[in-house]
Amino acid sequence: MLDISTGKVVRIIALHREYGPGNSRLRDYIAGLNEDEQISLVACFWIGRDSFSADEVDEALRTATEERSAPTEDYLSPDPDLAVYLESGMEALGLDVSDEEDRLRERP
């Protein structure tokens, strides 16, 4: 299973949608995640874009660990479909982001 909270993934989705691909807030947030969270984020991204199925989450995590070369923020933040892929990945894994999205919108 992923080693990143739903809330953090939702925050990344929100930053991507609000400020656009590659923005500094998104890049800084991703860079601030620990290594396990970044690996999980990449695995979720890959599952969302159908590079792996939800049943292959362990393989996606292993591959993300083995192929880690560039900073995660450089790899993910410029992708124009990052938010869509992360939402799809979370959904495929049976993780509902809608409650967290609602909570994020309600914050002052």
# chains A, B, ... in the order shown; residues from 1 in each chain; ligands from 1
$ residues_around --residues "range 19-27 of chain A" --least-positions-apart "3" --cutoff "9 Å" --atoms "only C-alpha atoms" --output "ChimeraX atom specification"
/A:11-16,30-32,72-74,76-82
$ write_last_selection --atoms "N, CA and C atoms" --output "CSV table (one decimal), in the first residue's frame"
chain,number,residue,atom,x,y,z
A,11,ARG,N,-3.6,17.6,-1.5
A,11,ARG,CA,-2.9,18.9,-1.5
A,11,ARG,C,-2.2,19.1,-2.8
A,12,ILE,N,-1.5,18.0,-3.3
A,12,ILE,CA,-0.7,18.1,-4.6
A,12,ILE,C,-1.7,18.3,-5.7
A,13,ILE,N,-2.8,17.6,-5.7
A,13,ILE,CA,-3.8,17.8,-6.8
A,13,ILE,C,-4.3,19.2,-6.8
A,14,ALA,N,-4.6,19.7,-5.6
A,14,ALA,CA,-5.1,21.1,-5.5
A,14,ALA,C,-4.1,22.1,-6.0
A,15,LEU,N,-2.8,22.0,-5.6
A,15,LEU,CA,-1.8,22.9,-6.0
A,15,LEU,C,-1.6,22.8,-7.5
A,16,HIS,N,-1.7,21.7,-8.1
A,16,HIS,CA,-1.5,21.5,-9.5
A,16,HIS,C,-2.7,22.2,-10.2
A,30,ILE,N,6.2,18.9,-3.2
A,30,ILE,CA,6.7,17.6,-3.5
A,30,ILE,C,8.1,17.4,-3.0
A,31,ALA,N,8.9,18.4,-3.1
A,31,ALA,CA,10.3,18.3,-2.7
A,31,ALA,C,10.4,18.1,-1.2
A,32,GLY,N,9.4,18.6,-0.4
A,32,GLY,CA,9.3,18.5,1.0
A,32,GLY,C,8.9,17.2,1.5
A,72,THR,N,11.9,14.0,-7.7
A,72,THR,CA,10.5,13.7,-8.0
A,72,THR,C,9.8,14.9,-8.4
A,73,GLU,N,10.1,16.1,-7.9
A,73,GLU,CA,9.4,17.3,-8.3
A,73,GLU,C,9.7,17.7,-9.8
A,74,ASP,N,10.9,17.3,-10.2
A,74,ASP,CA,11.2,17.5,-11.6
A,74,ASP,C,10.5,16.6,-12.5
A,76,LEU,N,7.5,14.9,-11.8
A,76,LEU,CA,6.0,14.9,-11.8
A,76,LEU,C,5.4,16.3,-12.0
A,77,SER,N,6.0,17.4,-11.5
A,77,SER,CA,5.3,18.6,-11.5
A,77,SER,C,5.0,19.2,-12.9
A,78,PRO,N,5.8,19.0,-13.9
A,78,PRO,CA,5.5,19.6,-15.2
A,78,PRO,C,4.4,18.8,-16.0
A,79,ASP,N,4.0,17.7,-15.5
A,79,ASP,CA,3.0,16.9,-16.3
A,79,ASP,C,1.7,17.6,-16.2
A,80,PRO,N,1.1,17.9,-17.4
A,80,PRO,CA,-0.2,18.6,-17.4
A,80,PRO,C,-1.3,17.8,-16.9
A,81,ASP,N,-1.2,16.5,-16.8
A,81,ASP,CA,-2.2,15.6,-16.3
A,81,ASP,C,-2.0,15.0,-14.9
A,82,LEU,N,-1.0,15.6,-14.2
A,82,LEU,CA,-0.7,15.1,-12.9
A,82,LEU,C,-1.9,14.9,-12.0
$ residues_around --residues "Glu37 in chain A" --least-positions-apart "4" --cutoff "10 Å" --atoms "only C-alpha atoms" --output "MDAnalysis selection string"
chainID A and resid 2:5 8:9 30 32:33 41:43
$ closest_residue --among "A:Glu35, A:Trp46, A:Tyr29, A:Pro71" --to "Glu59 in chain A" --atoms "only C-alpha atoms"
A:Trp46
$ select_by_dssp --residues "chain A" --states "alpha helix (DSSP H)" --output "VMD selection string"
chain A and resid 6 to 19 24 to 31 35 to 48 57 to 66 72 to 76 82 to 92 98 to 106
$ atom_distance --atom1 "CA of Glu18 in chain A" --atom2 "CA of Ser51 in chain A"
26.0 Å
$ closest_residue --among "A:Ala92, A:Ile39, A:Glu56, A:Val84" --to "Arg17 in chain A" --atoms "only C-alpha atoms"
A:Val84
$ closest_residue --among "A:Met1, A:Leu61, A:Ala54, A:Val10" --to "Leu93 in chain A" --atoms "only C-alpha atoms"
A:Ala54
$ atom_distance --atom1 "CA of Ser53 in chain A" --atom2 "CA of Arg68 in chain A"
19.7 Å
$ residues_around --residues "Glu87 in chain A" --least-positions-apart "2" --cutoff "8 Å" --atoms "only C-alpha atoms" --output "PDB file with N, CA and C atoms, in the first residue's frame"
ATOM      1  N   ILE A  13      -2.812  17.585  -5.716  1.00  0.00           N
ATOM      2  CA  ILE A  13      -3.830  17.761  -6.760  1.00  0.00           C
ATOM      3  C   ILE A  13      -4.320  19.209  -6.770  1.00  0.00           C
ATOM      4  N   GLY A  48      -2.423   5.604 -11.946  1.00  0.00           N
ATOM      5  CA  GLY A  48      -3.433   6.471 -12.540  1.00  0.00           C
ATOM      6  C   GLY A  48      -3.330   6.602 -14.039  1.00  0.00           C
ATOM      7  N   ALA A  83      -2.729  15.941 -11.860  1.00  0.00           N
ATOM      8  CA  ALA A  83      -3.888  15.872 -10.965  1.00  0.00           C
ATOM      9  C   ALA A  83      -4.839  14.753 -11.380  1.00  0.00           C
ATOM     10  N   VAL A  84      -5.072  14.625 -12.662  1.00  0.00           N
ATOM     11  CA  VAL A  84      -5.978  13.584 -13.170  1.00  0.00           C
ATOM     12  C   VAL A  84      -5.413  12.205 -12.871  1.00  0.00           C
ATOM     13  N   TYR A  85      -4.133  12.013 -13.118  1.00  0.00           N
ATOM     14  CA  TYR A  85      -3.515  10.706 -12.876  1.00  0.00           C
ATOM     15  C   TYR A  85      -3.492  10.354 -11.389  1.00  0.00           C
ATOM     16  N   GLY A  89      -5.344   7.214  -9.879  1.00  0.00           N
ATOM     17  CA  GLY A  89      -4.565   6.237  -9.128  1.00  0.00           C
ATOM     18  C   GLY A  89      -5.166   5.972  -7.761  1.00  0.00           C
ATOM     19  N   MET A  90      -5.547   7.026  -7.072  1.00  0.00           N
ATOM     20  CA  MET A  90      -6.157   6.863  -5.753  1.00  0.00           C
ATOM     21  C   MET A  90      -7.474   6.096  -5.865  1.00  0.00           C
ATOM     22  N   GLU A  91      -8.263   6.445  -6.855  1.00  0.00           N
ATOM     23  CA  GLU A  91      -9.535   5.755  -7.070  1.00  0.00           C
ATOM     24  C   GLU A  91      -9.313   4.280  -7.372  1.00  0.00           C
ATOM     25  N   VAL A  97     -10.763  10.415  -2.470  1.00  0.00           N
ATOM     26  CA  VAL A  97     -10.171  11.725  -2.223  1.00  0.00           C
ATOM     27  C   VAL A  97     -11.226  12.809  -2.028  1.00  0.00           C
TER      28      VAL A  97
END
$ atom_distance --atom1 "CA of Asp96 in chain A" --atom2 "CA of Asn34 in chain A"
22.5 Å
$ decode --residues "range 10-43 of chain A" --atoms "N, CA and C atoms" --output "mmCIF file, in the first residue's frame"
data_model
loop_
_atom_site.group_PDB
_atom_site.id
_atom_site.type_symbol
_atom_site.label_atom_id
_atom_site.label_comp_id
_atom_site.auth_asym_id
_atom_site.auth_seq_id
_atom_site.Cartn_x
_atom_site.Cartn_y
_atom_site.Cartn_z
ATOM 1 N N VAL A 10 -4.110 14.876 -2.033
ATOM 2 C CA VAL A 10 -5.133 15.873 -2.368
ATOM 3 C C VAL A 10 -4.515 17.273 -2.422
ATOM 4 N N ARG A 11 -3.598 17.561 -1.521
ATOM 5 C CA ARG A 11 -2.930 18.864 -1.533
ATOM 6 C C ARG A 11 -2.153 19.054 -2.838
ATOM 7 N N ILE A 12 -1.484 18.018 -3.295
ATOM 8 C CA ILE A 12 -0.740 18.086 -4.557
ATOM 9 C C ILE A 12 -1.694 18.300 -5.724
ATOM 10 N N ILE A 13 -2.812 17.585 -5.716
ATOM 11 C CA ILE A 13 -3.830 17.761 -6.760
ATOM 12 C C ILE A 13 -4.320 19.209 -6.770
ATOM 13 N N ALA A 14 -4.611 19.742 -5.590
ATOM 14 C CA ALA A 14 -5.108 21.113 -5.487
ATOM 15 C C ALA A 14 -4.071 22.134 -5.956
ATOM 16 N N LEU A 15 -2.818 21.955 -5.556
ATOM 17 C CA LEU A 15 -1.761 22.873 -5.990
ATOM 18 C C LEU A 15 -1.593 22.837 -7.507
ATOM 19 N N HIS A 16 -1.662 21.655 -8.084
ATOM 20 C CA HIS A 16 -1.532 21.506 -9.530
ATOM 21 C C HIS A 16 -2.673 22.220 -10.246
ATOM 22 N N ARG A 17 -3.883 22.030 -9.733
ATOM 23 C CA ARG A 17 -5.053 22.652 -10.375
ATOM 24 C C ARG A 17 -5.075 24.166 -10.184
ATOM 25 N N GLU A 18 -4.670 24.624 -9.017
ATOM 26 C CA GLU A 18 -4.749 26.053 -8.725
ATOM 27 C C GLU A 18 -3.651 26.855 -9.407
ATOM 28 N N TYR A 19 -2.437 26.322 -9.413
ATOM 29 C CA TYR A 19 -1.304 27.093 -9.905
ATOM 30 C C TYR A 19 -0.726 26.588 -11.228
ATOM 31 N N GLY A 20 -1.145 25.414 -11.682
ATOM 32 C CA GLY A 20 -0.684 24.889 -12.958
ATOM 33 C C GLY A 20 0.550 24.023 -12.827
ATOM 34 N N PRO A 21 0.854 23.290 -13.901
ATOM 35 C CA PRO A 21 2.015 22.393 -13.907
ATOM 36 C C PRO A 21 3.319 23.157 -13.685
ATOM 37 N N GLY A 22 4.196 22.545 -12.912
ATOM 38 C CA GLY A 22 5.546 23.082 -12.741
ATOM 39 C C GLY A 22 5.671 24.300 -11.836
ATOM 40 N N ASN A 23 4.584 24.720 -11.193
ATOM 41 C CA ASN A 23 4.677 25.919 -10.364
ATOM 42 C C ASN A 23 5.533 25.667 -9.126
ATOM 43 N N SER A 24 6.076 26.730 -8.569
ATOM 44 C CA SER A 24 7.029 26.589 -7.466
ATOM 45 C C SER A 24 6.378 26.046 -6.196
ATOM 46 N N ARG A 25 5.128 26.374 -5.933
ATOM 47 C CA ARG A 25 4.463 25.845 -4.733
ATOM 48 C C ARG A 25 4.314 24.328 -4.818
ATOM 49 N N LEU A 26 3.926 23.849 -5.979
ATOM 50 C CA LEU A 26 3.791 22.411 -6.205
ATOM 51 C C LEU A 26 5.147 21.726 -6.091
ATOM 52 N N ARG A 27 6.135 22.285 -6.749
ATOM 53 C CA ARG A 27 7.484 21.710 -6.723
ATOM 54 C C ARG A 27 8.031 21.660 -5.297
ATOM 55 N N ASP A 28 7.854 22.746 -4.552
ATOM 56 C CA ASP A 28 8.355 22.799 -3.175
ATOM 57 C C ASP A 28 7.633 21.795 -2.287
ATOM 58 N N TYR A 29 6.334 21.649 -2.481
ATOM 59 C CA TYR A 29 5.573 20.708 -1.658
ATOM 60 C C TYR A 29 6.048 19.274 -1.908
ATOM 61 N N ILE A 30 6.192 18.915 -3.185
ATOM 62 C CA ILE A 30 6.669 17.568 -3.524
ATOM 63 C C ILE A 30 8.081 17.356 -2.996
ATOM 64 N N ALA A 31 8.937 18.357 -3.147
ATOM 65 C CA ALA A 31 10.322 18.250 -2.669
ATOM 66 C C ALA A 31 10.370 18.064 -1.153
ATOM 67 N N GLY A 32 9.378 18.587 -0.437
ATOM 68 C CA GLY A 32 9.343 18.488 1.010
ATOM 69 C C GLY A 32 8.858 17.151 1.547
ATOM 70 N N LEU A 33 8.342 16.303 0.668
ATOM 71 C CA LEU A 33 7.911 14.970 1.089
ATOM 72 C C LEU A 33 9.132 14.109 1.383
ATOM 73 N N ASN A 34 8.983 13.142 2.276
ATOM 74 C CA ASN A 34 10.105 12.235 2.501
ATOM 75 C C ASN A 34 10.204 11.242 1.337
ATOM 76 N N GLU A 35 11.261 10.497 1.305
ATOM 77 C CA GLU A 35 11.535 9.598 0.173
ATOM 78 C C GLU A 35 10.424 8.569 -0.030
ATOM 79 N N ASP A 36 9.931 7.965 1.044
ATOM 80 C CA ASP A 36 8.859 6.970 0.916
ATOM 81 C C ASP A 36 7.593 7.599 0.351
ATOM 82 N N GLU A 37 7.287 8.829 0.773
ATOM 83 C CA GLU A 37 6.106 9.515 0.245
ATOM 84 C C GLU A 37 6.280 9.825 -1.239
ATOM 85 N N GLN A 38 7.470 10.246 -1.628
ATOM 86 C CA GLN A 38 7.719 10.551 -3.036
ATOM 87 C C GLN A 38 7.609 9.295 -3.901
ATOM 88 N N ILE A 39 8.135 8.193 -3.404
ATOM 89 C CA ILE A 39 8.045 6.929 -4.135
ATOM 90 C C ILE A 39 6.588 6.510 -4.276
ATOM 91 N N SER A 40 5.824 6.648 -3.217
ATOM 92 C CA SER A 40 4.398 6.312 -3.260
ATOM 93 C C SER A 40 3.645 7.222 -4.223
ATOM 94 N N LEU A 41 4.014 8.492 -4.253
ATOM 95 C CA LEU A 41 3.379 9.436 -5.165
ATOM 96 C C LEU A 41 3.621 9.042 -6.615
ATOM 97 N N VAL A 42 4.835 8.657 -6.929
ATOM 98 C CA VAL A 42 5.160 8.216 -8.293
ATOM 99 C C VAL A 42 4.384 6.942 -8.633
ATOM 100 N N ALA A 43 4.322 6.003 -7.702
ATOM 101 C CA ALA A 43 3.577 4.763 -7.942
ATOM 102 C C ALA A 43 2.099 5.066 -8.194
#
